[in-house]
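Visitor: Submitted below is the structure of interest, expressed as structure tokens.
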Amino acid sequence: MRKLWIVLVWLALCVPAYSQSSCLLQQSTAGQSLGMGPFVSSTDGNTNQNALSIANTDIRLKKAGAAWVSKNAGGATFQENGWYQITLDATDTNTTGILEISIHVSGALAVWKECWVEANFVRSNFNLFYQNGGSATTKIVNDTGGGSGTTDWTATERDQIRFRLGIDGSTQTPTATQGLVYNLIKKNVATQSIYIVFYSTGVTVKTGLGGTFTCNLSKFNANAWGAFAASTGTKTEIGNGLYNLTISQTESNADAIYAFCTGDGTTRQYTAVFVTEK
């Protein structure tokens with residue numbers, strides 16, 4: 001008799017336990033769908049229940065320890081093998097922290113899920129750390145309206161960023177003329193090259209300079225940048241705005257090199273050069 005009671009207690013503890021799982025949700029975001037199940041018979045604890053009627057009032061939510069409430073709208077839709085799908089809206093997910101979801105309808109054992117509702121960390125961190133040097137802004141990259149002042153991107157700037165991220169936007173070009181060109185060379189080794197891109201106006205590359213441009217180099221050693229000195233290396237044009245500058249063994253004898261190059265009819269070009277140990 002004692003063994004029978006042990007078996008019955010074990011079954012009572014284990015039968016509903018497999019219905020638990022966890023999930024990660026985004027705060028105040030609609031359209032987040034979850035699978036709930038499997039719903040099995042309350043009689044034998046095994047047979048899948050594939051014809052349940054589950055309304056939004058049958059789906060109970062507990063947000064960050066607050067009182068239980070019904071799901072805002074929409075019930076559950078059957079999928080397969082006792083599994084149903086629910087879709088949470090912005091009201092359902094408006095509170096950060098633990099979100100507990102419980103469904104117990106007639107004819108089936110209870111099913112529940114524990115979720116974590118995360119603040120919009122991607123947007124907030126992008127907004128905080130990549131705009132205005134870390135200061136909080138009132139407009140973020142997915143806003144459609146324009147901003148103003150030092151703490152906002154303009155609508156045009158946001159459009160350019162979204163285009164380059166592959167989200168949408170137009171083919172508008174940035175107001176900046178060029179970015180940094182990074183070169184990787186060895187330390188204290190002769191006959192190496194760094195590469196420079198020159199622009200004439202906007203994002204139009206400058207061709208036809210040949211070797212008439214000038215470059216000044218500053219070397220980083222012992223945690224300090226040295227004075228700029230004119231490079232004595234050979235300068236050649238490769239094509240399509242790309243130029244080559246050879247540097248000597250002495251010029252490469254640094255932990256890092258910073259090159260400042262100019263040419264007639266071009267905008268200024270700064271090139272950061274990182275060196276590795278020999």
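Numbering starts fresh at 1 for the residues of each chain in the structure tokens, the chains themselves are lettered A, B, ... in the order given, and ligands are numbered from 1 as they appear.
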Please provide the set of residues having any atom within 8 Å of region 231-241 of chain A, restricted to only C-alpha atoms, with same-chain residues fewer than 3 positions apart removed, written as an MDAnalysis selection string.

Guide: chainID A and resid 197:199 205:217 244:248

Visitor: Report, in Å with one decimal, the straight-line distance from CA of Ser106 (chain A) to CA of Thr47 (chain A).

Guide: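 According to the coordinates, CA of Ser106 (chain A) and CA of Thr47 (chain A) are separated by 14.0 Å.
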
Visitor: Check the smallest atom-to-atom distance from each of A:Ser70, A:Asn94, A:Asn48, A:Ser53 to Thr29 (chain A) using only C-alpha atoms, then report the winner.

Guide: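 Under the stated criterion, the closest residue is A:Asn94.
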
Visitor: Which one is closest to Ile54 (chain A): A:Gly82, A:Gly31, A:Gly75, A:Gly226? Count only C-alpha atoms.

Guide: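 Ranking A:Gly82, A:Gly31, A:Gly75, A:Gly226 by distance to Ile54 (chain A), first place goes to A:Gly75.
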
Visitor: May I have the residues within 9 Å of Lys71 (chain A) as a list of chain:residue names, using only C-alpha atoms and disregarding those fewer than 3 positions away in the same chain?

Guide: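 So the residues in contact are A:Ala55, A:Asn56, A:Thr57, A:Asp58, A:Ile59, A:Arg60, A:Leu61, A:Gly74, A:Gly75, A:Leu88, A:Asp89, A:Thr91, A:Asp92, A:Ile101.
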
Visitor: Just checking: using only C-alpha atoms, which residue out of A:Ala73, A:Ala66, A:Leu52, A:Ile98 ends up closest to Leu24 (chain A)?

Guide: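 Looking only at the distances to Leu24 (chain A), the closest residue turns out to be A:Ile98.
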
Visitor: Given only C-alpha atoms as the basis, pick out the residue of A:Ile196, A:Ala230, A:Ala224, A:Leu109 nearest to Thr43 (chain A).

Guide: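 Closest candidate: A:Leu109.
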
Visitor: Point out the residue among A:Val105, A:Asn81, A:Gly263, A:Ile194 with the least atom-to-atom distance to Asn46 (chain A), counting only C-alpha atoms.

Guide: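 Comparing A:Val105, A:Asn81, A:Gly263, A:Ile194 against Asn46 (chain A), the winner is A:Asn81.
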
Visitor: I'd like to know which of A:Ser218, A:Thr156, A:Ser33, A:Gln49 is closest to Glu80 (chain A), using only C-alpha atoms.

Guide: A:Gln49

Visitor: DSSP on the backbone: what in region 27-131 of chain A comes out strand (DSSP E or B), as a ChimeraX atom specification?

Guide: /A:32-36,40-41,48,59-63,69-70,77-80,83-88,97-103,108,111-118
